[in-house]
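Coordinates from work00.pdb are shown below (PDB, C-alpha atoms and all ligand atoms).
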```pdb
ATOM      1  CA  MET M   1      23.776  -5.422 -21.796
ATOM      2  CA  ARG M   2      26.195  -2.985 -23.458
ATOM      3  CA  GLU M   3      23.313  -1.426 -25.363
ATOM      4  CA  LYS M   4      21.412  -0.878 -22.154
ATOM      5  CA  SER M   5      24.294   0.862 -20.421
ATOM      6  CA  THR M   6      24.860   3.063 -23.461
ATOM      7  CA  VAL M   7      21.234   4.237 -23.350
ATOM      8  CA  ILE M   8      21.428   4.836 -19.591
ATOM      9  CA  ALA M   9      24.687   6.766 -19.865
ATOM     10  CA  TRP M  10      23.265   8.865 -22.699
ATOM     11  CA  ALA M  11      20.196   9.822 -20.644
ATOM     12  CA  GLU M  12      22.177  10.522 -17.488
ATOM     13  CA  ASP M  13      24.711  12.644 -19.321
ATOM     14  CA  ALA M  14      21.822  14.711 -20.650
ATOM     15  CA  GLY M  15      20.724  15.333 -17.068
ATOM     16  CA  TYR M  16      17.754  12.969 -16.872
ATOM     17  CA  GLN M  17      16.850  10.555 -14.081
ATOM     18  CA  VAL M  18      16.787   6.924 -15.138
ATOM     19  CA  HIS M  19      14.436   4.285 -13.694
ATOM     20  CA  LEU M  20      14.874   0.743 -14.884
ATOM     21  CA  SER M  21      12.177  -1.860 -15.053
ATOM     22  CA  GLU M  22      13.618  -5.210 -16.069
ATOM     23  CA  GLY M  23      11.109  -7.717 -17.369
ATOM     24  CA  GLU M  24      11.710 -11.254 -18.595
ATOM     25  CA  GLU M  25      11.899 -10.267 -22.248
ATOM     26  CA  LYS M  26      12.715  -6.598 -22.304
ATOM     27  CA  THR M  27      14.013  -3.790 -20.218
ATOM     28  CA  ILE M  28      12.172  -0.528 -19.944
ATOM     29  CA  VAL M  29      14.461   2.417 -19.415
ATOM     30  CA  GLY M  30      12.321   5.104 -17.819
ATOM     31  CA  ILE M  31      13.746   8.546 -18.500
ATOM     32  CA  VAL M  32      12.249  11.207 -16.306
ATOM     33  CA  GLY M  33      12.507  14.787 -17.327
ATOM     34  CA  ASN M  34      14.423  17.737 -16.139
ATOM     35  CA  GLY M  35      12.182  20.243 -17.869
ATOM     36  CA  ARG M  36      14.093  19.954 -21.147
ATOM     37  CA  PRO M  37      12.539  17.982 -24.009
ATOM     38  CA  LEU M  38      14.178  14.662 -24.820
ATOM     39  CA  ASN M  39      15.647  14.147 -28.267
ATOM     40  CA  LYS M  40      13.293  11.307 -29.178
ATOM     41  CA  ASP M  41      14.722  10.648 -32.637
ATOM     42  CA  GLN M  42      18.216  10.333 -31.281
ATOM     43  CA  ALA M  43      16.966   7.911 -28.615
ATOM     44  CA  ALA M  44      15.082   5.826 -31.186
ATOM     45  CA  ARG M  45      18.233   5.444 -33.299
ATOM     46  CA  MET M  46      20.307   3.972 -30.484
ATOM     47  CA  PRO M  47      21.171   0.267 -30.813
ATOM     48  CA  GLY M  48      18.902  -1.990 -28.757
ATOM     49  CA  VAL M  49      16.088   0.549 -28.590
ATOM     50  CA  GLU M  50      12.859  -0.966 -29.894
ATOM     51  CA  ARG M  51      10.515   1.925 -29.228
ATOM     52  CA  VAL M  52      10.390   5.329 -27.590
ATOM     53  CA  VAL M  53       7.089   5.843 -25.787
ATOM     54  CA  PRO M  54       6.330   9.275 -24.376
ATOM     55  CA  VAL M  55       4.378   9.041 -21.096
ATOM     56  CA  LEU M  56       1.912  11.885 -21.205
ATOM     57  CA  LYS M  57       0.365  11.328 -17.782
ATOM     58  CA  PRO M  58       1.596  13.559 -14.958
ATOM     59  CA  PHE M  59       2.566  10.437 -13.014
ATOM     60  CA  LYS M  60       5.318   8.668 -14.947
ATOM     61  CA  ILE M  61       6.948   5.767 -13.115
ATOM     62  CA  ALA M  62       3.586   4.901 -11.534
ATOM     63  CA  SER M  63       1.840   4.675 -14.887
ATOM     64  CA  ARG M  64       0.934   1.588 -16.895
ATOM     65  CA  GLU M  65       2.506   3.203 -19.932
ATOM     66  CA  PHE M  66       5.849   3.164 -18.157
ATOM     67  CA  ASN M  67       5.414  -0.441 -17.063
ATOM     68  CA  PRO M  68       2.630  -2.410 -18.748
ATOM     69  CA  GLU M  69       3.231  -5.441 -16.516
ATOM     70  CA  ASP M  70       1.831  -5.674 -12.997
ATOM     71  CA  THR M  71       4.365  -4.935 -10.302
ATOM     72  CA  VAL M  72       4.835  -8.003  -8.117
ATOM     73  CA  PHE M  73       7.080  -8.105  -5.059
ATOM     74  CA  PRO M  74       7.580 -10.409  -2.104
ATOM     75  CA  LEU M  75       6.235  -9.648   1.346
ATOM     76  CA  GLY M  76       7.799 -12.200   3.659
ATOM     77  CA  PRO M  77       6.992 -15.675   2.362
ATOM     78  CA  HIS M  78       4.139 -14.318   0.216
ATOM     79  CA  SER M  79       4.006 -11.813  -2.592
ATOM     80  CA  VAL M  80       1.712  -9.029  -3.694
ATOM     81  CA  GLY M  81       0.556  -8.073  -7.174
ATOM     82  CA  GLY M  82       0.460 -11.580  -8.667
ATOM     83  CA  LYS M  83      -2.263 -14.192  -8.704
ATOM     84  CA  GLU M  84      -2.379 -14.493  -4.944
ATOM     85  CA  LEU M  85      -4.180 -11.994  -2.764
ATOM     86  CA  VAL M  86      -2.448 -10.775   0.355
ATOM     87  CA  LEU M  87      -4.435 -10.429   3.576
ATOM     88  CA  MET M  88      -3.313  -7.973   6.232
ATOM     89  CA  ALA M  89      -5.199  -7.989   9.514
ATOM     90  CA  GLY M  90      -4.909  -6.837  13.088
ATOM     91  CA  PRO M  91      -6.072  -4.145  15.441
ATOM     92  CA  CYS M  92      -6.270  -0.473  14.586
ATOM     93  CA  SER M  93      -3.836   0.253  17.445
ATOM     94  CA  VAL M  94      -1.337  -1.798  19.370
ATOM     95  CA  GLU M  95      -2.773  -1.394  22.877
ATOM     96  CA  SER M  96      -0.710  -3.808  24.952
ATOM     97  CA  ARG M  97       1.683  -6.710  24.572
ATOM     98  CA  SER M  98      -0.996  -9.288  25.330
ATOM     99  CA  GLN M  99      -3.548  -7.648  22.999
ATOM    100  CA  ILE M 100      -1.240  -7.695  19.962
ATOM    101  CA  LEU M 101       0.076 -11.200  20.658
ATOM    102  CA  GLU M 102      -3.433 -12.584  21.070
ATOM    103  CA  THR M 103      -4.622 -10.868  17.892
ATOM    104  CA  ALA M 104      -1.562 -11.914  15.904
ATOM    105  CA  HIS M 105      -2.136 -15.579  16.695
ATOM    106  CA  ALA M 106      -5.860 -15.275  15.969
ATOM    107  CA  VAL M 107      -5.465 -13.612  12.565
ATOM    108  CA  LYS M 108      -2.724 -16.013  11.561
ATOM    109  CA  GLU M 109      -4.965 -18.925  12.469
ATOM    110  CA  ALA M 110      -7.749 -17.350  10.397
ATOM    111  CA  GLY M 111      -5.493 -17.094   7.324
ATOM    112  CA  ALA M 112      -3.930 -13.608   7.414
ATOM    113  CA  HIS M 113      -0.482 -13.185   5.842
ATOM    114  CA  ILE M 114       0.551  -9.893   7.420
ATOM    115  CA  LEU M 115      -0.093  -8.369  10.843
ATOM    116  CA  ARG M 116      -1.271  -4.755  11.070
ATOM    117  CA  GLY M 117      -1.246  -2.540  14.146
ATOM    118  CA  GLY M 118      -0.696   1.164  14.710
ATOM    119  CA  ALA M 119       1.970   2.296  17.171
ATOM    120  CA  PHE M 120       1.842   5.950  16.120
ATOM    121  CA  LYS M 121      -1.801   6.929  15.642
ATOM    122  CA  PRO M 122      -3.100   9.934  13.700
ATOM    123  CA  ARG M 123      -6.152  10.802  15.815
ATOM    124  CA  SER M 124      -8.650  13.540  15.065
ATOM    125  CA  SER M 125      -8.483  14.644  18.700
ATOM    126  CA  PRO M 126      -5.226  15.339  20.530
ATOM    127  CA  TYR M 127      -6.905  13.935  23.667
ATOM    128  CA  SER M 128      -7.551  10.505  22.098
ATOM    129  CA  PHE M 129      -5.139   7.584  22.524
ATOM    130  CA  GLN M 130      -2.087   8.419  20.412
ATOM    131  CA  GLY M 131      -0.517   4.960  20.350
ATOM    132  CA  LEU M 132       2.243   3.329  22.375
ATOM    133  CA  GLY M 133       5.030   4.633  20.127
ATOM    134  CA  GLU M 134       8.262   2.647  20.181
ATOM    135  CA  GLU M 135       6.891   0.323  22.867
ATOM    136  CA  GLY M 136       4.156  -0.640  20.391
ATOM    137  CA  LEU M 137       6.757  -1.286  17.688
ATOM    138  CA  LYS M 138       8.574  -3.652  20.046
ATOM    139  CA  TYR M 139       5.391  -5.606  20.694
ATOM    140  CA  LEU M 140       4.752  -5.838  16.960
ATOM    141  CA  ALA M 141       8.250  -7.213  16.420
ATOM    142  CA  GLU M 142       7.636  -9.726  19.175
ATOM    143  CA  ALA M 143       4.365 -10.777  17.538
ATOM    144  CA  ARG M 144       6.276 -11.289  14.271
ATOM    145  CA  GLU M 145       8.833 -13.448  16.117
ATOM    146  CA  GLU M 146       6.079 -15.597  17.558
ATOM    147  CA  THR M 147       3.915 -15.969  14.467
ATOM    148  CA  GLY M 148       6.253 -15.400  11.530
ATOM    149  CA  LEU M 149       3.838 -12.774  10.152
ATOM    150  CA  PRO M 150       5.501  -9.713   8.607
ATOM    151  CA  VAL M 151       4.334  -6.462  10.171
ATOM    152  CA  ILE M 152       2.815  -3.281   8.733
ATOM    153  CA  THR M 153       2.535  -0.107  10.786
ATOM    154  CA  GLU M 154       2.008   3.595  10.143
ATOM    155  CA  VAL M 155       4.791   6.156  10.140
ATOM    156  CA  MET M 156       3.696   9.766  10.567
ATOM    157  CA  GLU M 157       6.838  11.863  10.372
ATOM    158  CA  PRO M 158      10.059  11.820   8.373
ATOM    159  CA  ALA M 159      12.255  11.801  11.483
ATOM    160  CA  LEU M 160      10.679   8.547  12.634
ATOM    161  CA  VAL M 161      11.151   6.629   9.366
ATOM    162  CA  PRO M 162      14.485   5.034  10.408
ATOM    163  CA  LEU M 163      13.025   3.909  13.757
ATOM    164  CA  VAL M 164       9.884   2.410  12.227
ATOM    165  CA  CYS M 165      11.996   0.676   9.545
ATOM    166  CA  GLU M 166      13.954  -1.065  12.321
ATOM    167  CA  TYR M 167      10.812  -2.845  13.457
ATOM    168  CA  ALA M 168       8.356  -2.949  10.563
ATOM    169  CA  ASP M 169       8.397  -4.845   7.278
ATOM    170  CA  ILE M 170       5.994  -2.442   5.572
ATOM    171  CA  LEU M 171       5.483   1.275   6.186
ATOM    172  CA  GLN M 172       1.930   2.588   6.075
ATOM    173  CA  ILE M 173       1.278   6.146   4.986
ATOM    174  CA  GLY M 174      -2.065   7.180   6.430
ATOM    175  CA  ALA M 175      -4.821   8.968   4.562
ATOM    176  CA  ARG M 176      -4.084  12.184   6.451
ATOM    177  CA  ASN M 177      -0.477  12.115   5.297
ATOM    178  CA  MET M 178      -0.960  11.195   1.664
ATOM    179  CA  GLN M 179       0.289  14.616   0.621
ATOM    180  CA  ASN M 180       2.942  15.022   3.297
ATOM    181  CA  TYR M 181       5.670  15.361   0.706
ATOM    182  CA  ALA M 182       8.555  15.376   3.184
ATOM    183  CA  LEU M 183       7.265  12.055   4.520
ATOM    184  CA  LEU M 184       6.843  10.632   1.009
ATOM    185  CA  HIS M 185      10.449  11.559   0.188
ATOM    186  CA  ALA M 186      11.616   9.946   3.425
ATOM    187  CA  VAL M 187       9.814   6.635   2.870
ATOM    188  CA  GLY M 188      10.978   6.684  -0.745
ATOM    189  CA  ARG M 189      14.583   7.021   0.395
ATOM    190  CA  SER M 190      14.125   4.245   2.969
ATOM    191  CA  GLN M 191      13.659   1.641   0.204
ATOM    192  CA  HIS M 192      11.199  -0.135   2.529
ATOM    193  CA  PRO M 193       7.902  -1.468   1.110
ATOM    194  CA  VAL M 194       5.155   1.139   1.458
ATOM    195  CA  LEU M 195       1.360   1.003   1.618
ATOM    196  CA  LEU M 196       0.068   4.393   0.497
ATOM    197  CA  LYS M 197      -3.472   5.145   1.614
ATOM    198  CA  ARG M 198      -5.606   7.419  -0.506
ATOM    199  CA  GLY M 199      -6.266  10.757   1.159
ATOM    200  CA  MET M 200      -9.809  11.166   2.371
ATOM    201  CA  SER M 201     -10.571  13.883  -0.165
ATOM    202  CA  SER M 202      -8.006  13.037  -2.789
ATOM    203  CA  LEU M 203      -8.421  12.529  -6.481
ATOM    204  CA  ILE M 204      -7.077   9.295  -7.919
ATOM    205  CA  GLU M 205      -4.569  11.371  -9.880
ATOM    206  CA  GLU M 206      -3.315  13.061  -6.695
ATOM    207  CA  TRP M 207      -2.953   9.645  -5.064
ATOM    208  CA  LEU M 208      -0.860   8.402  -7.992
ATOM    209  CA  MET M 209       1.238  11.573  -7.899
ATOM    210  CA  SER M 210       1.966  10.805  -4.249
ATOM    211  CA  ALA M 211       3.050   7.299  -5.243
ATOM    212  CA  GLU M 212       5.289   8.956  -7.823
ATOM    213  CA  TYR M 213       7.164  10.782  -5.019
ATOM    214  CA  ILE M 214       8.069   7.438  -3.452
ATOM    215  CA  LEU M 215       8.895   5.773  -6.772
ATOM    216  CA  SER M 216      11.095   8.694  -7.797
ATOM    217  CA  HIS M 217      13.604   7.514  -5.181
ATOM    218  CA  GLY M 218      13.919   4.158  -6.896
ATOM    219  CA  ASN M 219      11.690   2.537  -4.271
ATOM    220  CA  ASN M 220       9.422   0.398  -6.429
ATOM    221  CA  ARG M 221       7.765  -1.530  -3.651
ATOM    222  CA  VAL M 222       4.664   0.619  -3.359
ATOM    223  CA  MET M 223       1.078  -0.527  -2.800
ATOM    224  CA  LEU M 224      -1.903   1.766  -3.264
ATOM    225  CA  CYS M 225      -4.699   1.504  -0.687
ATOM    226  CA  GLU M 226      -8.299   2.610  -1.229
ATOM    227  CA  ARG M 227      -9.808   3.291   2.196
ATOM    228  CA  GLY M 228     -12.924   5.267   1.379
ATOM    229  CA  ILE M 229     -13.372   8.942   0.621
ATOM    230  CA  ARG M 230     -15.414  11.743   2.082
ATOM    231  CA  THR M 231     -18.773  12.411   0.453
ATOM    232  CA  PHE M 232     -22.077  13.960   1.589
ATOM    233  CA  GLU M 233     -23.087  10.596   3.060
ATOM    234  CA  THR M 234     -22.537  10.313   6.794
ATOM    235  CA  TYR M 235     -24.291   7.044   7.583
ATOM    236  CA  THR M 236     -21.054   5.238   6.907
ATOM    237  CA  ARG M 237     -17.735   6.706   8.055
ATOM    238  CA  ASN M 238     -16.534   7.077   4.474
ATOM    239  CA  THR M 239     -17.836   6.165   1.046
ATOM    240  CA  PHE M 240     -15.995   3.174  -0.348
ATOM    241  CA  ASP M 241     -14.872   4.148  -3.827
ATOM    242  CA  ILE M 242     -14.978   0.703  -5.381
ATOM    243  CA  ASN M 243     -14.357   2.348  -8.769
ATOM    244  CA  ALA M 244     -10.918   3.348  -7.560
ATOM    245  CA  ILE M 245      -9.790  -0.272  -7.637
ATOM    246  CA  PRO M 246     -10.237  -0.925 -11.376
ATOM    247  CA  VAL M 247      -9.274   2.671 -12.194
ATOM    248  CA  ALA M 248      -5.997   2.463 -10.260
ATOM    249  CA  LYS M 249      -5.264  -0.956 -11.778
ATOM    250  CA  HIS M 250      -5.889   0.493 -15.231
ATOM    251  CA  LEU M 251      -3.773   3.602 -14.757
ATOM    252  CA  SER M 252      -0.982   2.008 -12.768
ATOM    253  CA  HIS M 253       0.984  -1.236 -12.514
ATOM    254  CA  LEU M 254       1.173  -0.963  -8.720
ATOM    255  CA  PRO M 255      -0.731  -3.428  -6.512
ATOM    256  CA  VAL M 256      -4.003  -2.101  -5.102
ATOM    257  CA  ILE M 257      -5.115  -2.981  -1.586
ATOM    258  CA  ALA M 258      -8.612  -2.358  -0.204
ATOM    259  CA  ASP M 259      -9.345  -1.260   3.346
ATOM    260  CA  PRO M 260     -13.024  -2.079   3.946
ATOM    261  CA  SER M 261     -12.715  -1.214   7.651
ATOM    262  CA  HIS M 262     -12.035   2.510   7.271
ATOM    263  CA  ALA M 263     -14.124   2.595   4.090
ATOM    264  CA  THR M 264     -17.292   1.662   5.985
ATOM    265  CA  GLY M 265     -16.532   2.450   9.624
ATOM    266  CA  LYS M 266     -19.013  -0.157  10.836
ATOM    267  CA  TRP M 267     -18.125  -3.814  11.286
ATOM    268  CA  GLU M 268     -21.528  -4.900   9.951
ATOM    269  CA  TYR M 269     -20.585  -3.742   6.429
ATOM    270  CA  VAL M 270     -16.944  -4.768   6.375
ATOM    271  CA  ALA M 271     -17.528  -8.255   4.953
ATOM    272  CA  ALA M 272     -19.654  -6.998   2.050
ATOM    273  CA  ALA M 273     -17.109  -4.312   1.129
ATOM    274  CA  ALA M 274     -14.264  -6.815   1.477
ATOM    275  CA  LYS M 275     -15.888  -9.322  -0.845
ATOM    276  CA  ALA M 276     -16.732  -6.592  -3.341
ATOM    277  CA  SER M 277     -13.063  -5.551  -3.341
ATOM    278  CA  VAL M 278     -11.935  -9.061  -4.222
ATOM    279  CA  ALA M 279     -14.478  -9.187  -7.042
ATOM    280  CA  ALA M 280     -13.333  -5.744  -8.261
ATOM    281  CA  GLY M 281      -9.749  -6.915  -8.673
ATOM    282  CA  ALA M 282      -7.992  -5.807  -5.493
ATOM    283  CA  ASP M 283      -4.596  -7.423  -4.924
ATOM    284  CA  GLY M 284      -5.128  -7.636  -1.198
ATOM    285  CA  LEU M 285      -6.981  -6.321   1.814
ATOM    286  CA  ILE M 286      -6.174  -4.685   5.107
ATOM    287  CA  ILE M 287      -8.810  -5.397   7.740
ATOM    288  CA  GLU M 288      -9.132  -4.344  11.368
ATOM    289  CA  VAL M 289      -9.570  -7.250  13.779
ATOM    290  CA  HIS M 290      -9.774  -6.957  17.557
ATOM    291  CA  PRO M 291     -10.396  -9.728  20.089
ATOM    292  CA  HIS M 292     -12.630  -7.423  22.163
ATOM    293  CA  PRO M 293     -13.882  -4.619  19.902
ATOM    294  CA  ALA M 294     -16.015  -3.060  22.650
ATOM    295  CA  GLU M 295     -12.844  -2.352  24.618
ATOM    296  CA  ALA M 296     -10.714  -1.150  21.687
ATOM    297  CA  LEU M 297      -8.890   2.155  22.195
ATOM    298  CA  SER M 298      -9.521   3.083  18.567
ATOM    299  CA  ASP M 299     -11.862   1.992  15.771
ATOM    300  CA  GLY M 300     -13.689  -0.653  17.810
ATOM    301  CA  LEU M 301     -16.905  -0.011  15.875
ATOM    302  CA  GLN M 302     -15.345  -1.158  12.625
ATOM    303  CA  SER M 303     -13.285  -4.035  14.019
ATOM    304  CA  LEU M 304     -14.187  -7.641  13.353
ATOM    305  CA  LYS M 305     -13.842 -10.299  16.019
ATOM    306  CA  PRO M 306     -11.361 -13.019  15.011
ATOM    307  CA  LYS M 307     -14.103 -15.576  14.437
ATOM    308  CA  ARG M 308     -15.971 -13.323  12.003
ATOM    309  CA  PHE M 309     -12.704 -12.514  10.248
ATOM    310  CA  ALA M 310     -11.951 -16.242   9.865
ATOM    311  CA  GLN M 311     -15.360 -16.745   8.266
ATOM    312  CA  LEU M 312     -14.791 -13.780   5.952
ATOM    313  CA  VAL M 313     -11.469 -15.249   4.785
ATOM    314  CA  GLN M 314     -13.287 -18.391   3.683
ATOM    315  CA  GLU M 315     -15.944 -16.351   1.876
ATOM    316  CA  MET M 316     -13.278 -14.268   0.130
ATOM    317  CA  LYS M 317     -11.504 -17.439  -1.031
ATOM    318  CA  ALA M 318     -14.578 -18.448  -3.012
ATOM    319  CA  ILE M 319     -14.860 -15.004  -4.624
ATOM    320  CA  ALA M 320     -11.146 -14.972  -5.414
ATOM    321  CA  ARG M 321     -11.420 -18.302  -7.214
ATOM    322  CA  ALA M 322     -14.395 -17.018  -9.194
ATOM    323  CA  VAL M 323     -12.281 -14.142 -10.566
ATOM    324  CA  GLY M 324      -9.205 -16.229 -11.281
ATOM    325  CA  ARG M 325      -7.278 -15.298  -8.164
ATOM    326  CA  GLU M 326      -6.250 -17.218  -5.093
ATOM    327  CA  ILE M 327      -6.012 -16.761  -1.355
ATOM    328  CA  GLU M 328      -3.494 -19.152   0.086
TER     329      GLU M 328
HETATM  330  C1  LIG M 401      -5.540   3.114  10.201
HETATM  331  O1  LIG M 401      -5.182   2.307   9.343
HETATM  332  O2  LIG M 401      -5.806   2.803  11.378
HETATM  333  C2  LIG M 401      -5.765   4.520   9.799
HETATM  334  C3  LIG M 401      -5.568   5.535  10.626
HETATM  335  O3  LIG M 401      -6.201   4.613   8.527
HETATM  336  P1  LIG M 401      -6.459   5.911   7.593
HETATM  337  O4  LIG M 401      -5.145   6.590   7.465
HETATM  338  O5  LIG M 401      -6.948   5.283   6.320
HETATM  339  O6  LIG M 401      -7.512   6.735   8.258
HETATM  340 MN    MN M 402      -8.021   2.437  12.296
END
```
Using structure tokens, write down the structure that the file contains.
Amino acid sequence: MREKSTVIAWAEDAGYQVHLSEGEEKTIVGIVGNGRPLNKDQAARMPGVERVVPVLKPFKIASREFNPEDTVFPLGPHSVGGKELVLMAGPCSVESRSQILETAHAVKEAGAHILRGGAFKPRSSPYSFQGLGEEGLKYLAEAREETGLPVITEVMEPALVPLVCEYADILQIGARNMQNYALLHAVGRSQHPVLLKRGMSSLIEEWLMSAEYILSHGNNRVMLCERGIRTFETYTRNTFDINAIPVAKHLSHLPVIADPSHATGKWEYVAAAAKASVAAGADGLIIEVHPHPAEALSDGLQSLKPKRFAQLVQEMKAIARAVGREIE
């Protein structure tokens, strides 16, 4: 205890930022630079210090070197990053009170653990449906009341972070905002759990650097989300980078979530991509489900009907068991 505080005080006095990761057996004191080199020998000589490990990667707190153990944290009654997979499901957009309530009950019945639904939508066209805004957040909160499912929703601007935090359990950073640094700082400061989508043309390293922004505020509850990237192929909406799952798990201790809906863009391929994600080691999935996809105000083409989603959950359970994981 005393030894730990001595190390922390030493690093802070030298002008470094300290990030603690307390495991069962040992504590990792992450010391993040201020441009000046750390006196490694001095650090190694301090009582209680077993080893000094320089993290050479540009992302520090996000890296496996910083924290060799998987990050696990609770999300409502479930948790992410451990043996159990977490399933998030719901419509692309919250369209009405009845639509989100109906979908929430349906996905819960099918086995989802978290309800998704966008209230603030990043649309390619300014003339497309932009979401219901705060009204949508209220409906999401009502759906949580009724079903007990925690809620994830996207936040698009720093000024709206406090409002979205009032209603949502998890903040989603969309692909288009992965490098919106002001937003990353704001969600980092919020200390709310965050799902960080990979930008549509982003390198894995850039994605992890974006996670680093959030982590640098001491907000450790960050999930990475692979949602497909842009390639020359246009038959599918995006190209699902299945590699990104094992790569991100190798480079980082953060949980990795797969989004087979945006990765494929067509409901016909969602189940295959979802099952592949489970086999590849994803810690969870986020899947678009709509009771009437043909009438959806956004992403109807990639939305599963509740019945198909329920079937997919059963199929994923078998794959999860085969790779030593579980879907409760
Ligand atoms: C969404 O989840 O509906 C969404 C807009 O996703 P992305 O940011 O991955 O495009
Ligand atoms: Mn969508």
On this structure, the PyMOL selection byres (((chain M and resi 84) around 6) and not hetatm) would catch which residues? List them as a count of residues only, sorted by chain and number. 6
Is it possible to get the axis-aligned box enclosing segment 24-36 of chain M (all listed atoms, 3 Å extra per side) as AutoDock Vina command-line options, with centre and edge lengths in Å rounded to one decimal?
```
--center_x 13.1 --center_y 4.5 --center_z -19.2 --size_x 8.8 --size_y 37.5 --size_z 12.2
```
Step by step, measure atom-to-atom distances between ligand LIG 401 (chain M) and each residue using only C-alpha atoms and all ligand atoms, keep those at most 9 Å, then write them as a ChimeraX atom specification. /M:91-93,116-118,121-123,153-154,172-178,196-200,225-228,259,261-263,286-288,298-299
Residue contacts of segment 163-171 of chain M (9 Å, all atoms listed in the file) excluding same-chain residues fewer than 6 positions away, as a count of residues only: 20
Contacts of Pro260 of chain M at 10 Å (only C-alpha atoms; same-chain gap of 5+ positions) as a short mmCIF file (atom, residue, chain, number, x, y, z; two decimals) with C-alpha atoms, in the frame of the given file:
```
data_model
loop_
_atom_site.label_atom_id
_atom_site.label_comp_id
_atom_site.auth_asym_id
_atom_site.auth_seq_id
_atom_site.Cartn_x
_atom_site.Cartn_y
_atom_site.Cartn_z
CA GLU M 226 -8.30 2.61 -1.23
CA ARG M 227 -9.81 3.29 2.20
CA GLY M 228 -12.92 5.27 1.38
CA ASN M 238 -16.53 7.08 4.47
CA THR M 239 -17.84 6.16 1.05
CA PHE M 240 -16.00 3.17 -0.35
CA ILE M 242 -14.98 0.70 -5.38
CA GLY M 265 -16.53 2.45 9.62
CA LYS M 266 -19.01 -0.16 10.84
CA TRP M 267 -18.12 -3.81 11.29
CA TYR M 269 -20.58 -3.74 6.43
CA VAL M 270 -16.94 -4.77 6.38
CA ALA M 271 -17.53 -8.26 4.95
CA ALA M 272 -19.65 -7.00 2.05
CA ALA M 273 -17.11 -4.31 1.13
CA ALA M 274 -14.26 -6.82 1.48
CA LYS M 275 -15.89 -9.32 -0.84
CA ALA M 276 -16.73 -6.59 -3.34
CA SER M 277 -13.06 -5.55 -3.34
CA LEU M 285 -6.98 -6.32 1.81
CA ILE M 286 -6.17 -4.68 5.11
CA ILE M 287 -8.81 -5.40 7.74
CA GLU M 288 -9.13 -4.34 11.37
CA GLN M 302 -15.34 -1.16 12.62
#
```
Between M:Leu297, M:Thr27, M:Gly81, M:Gly35, which one has atoms that come closest to Gly131 of chain M, using only C-alpha atoms? M:Leu297
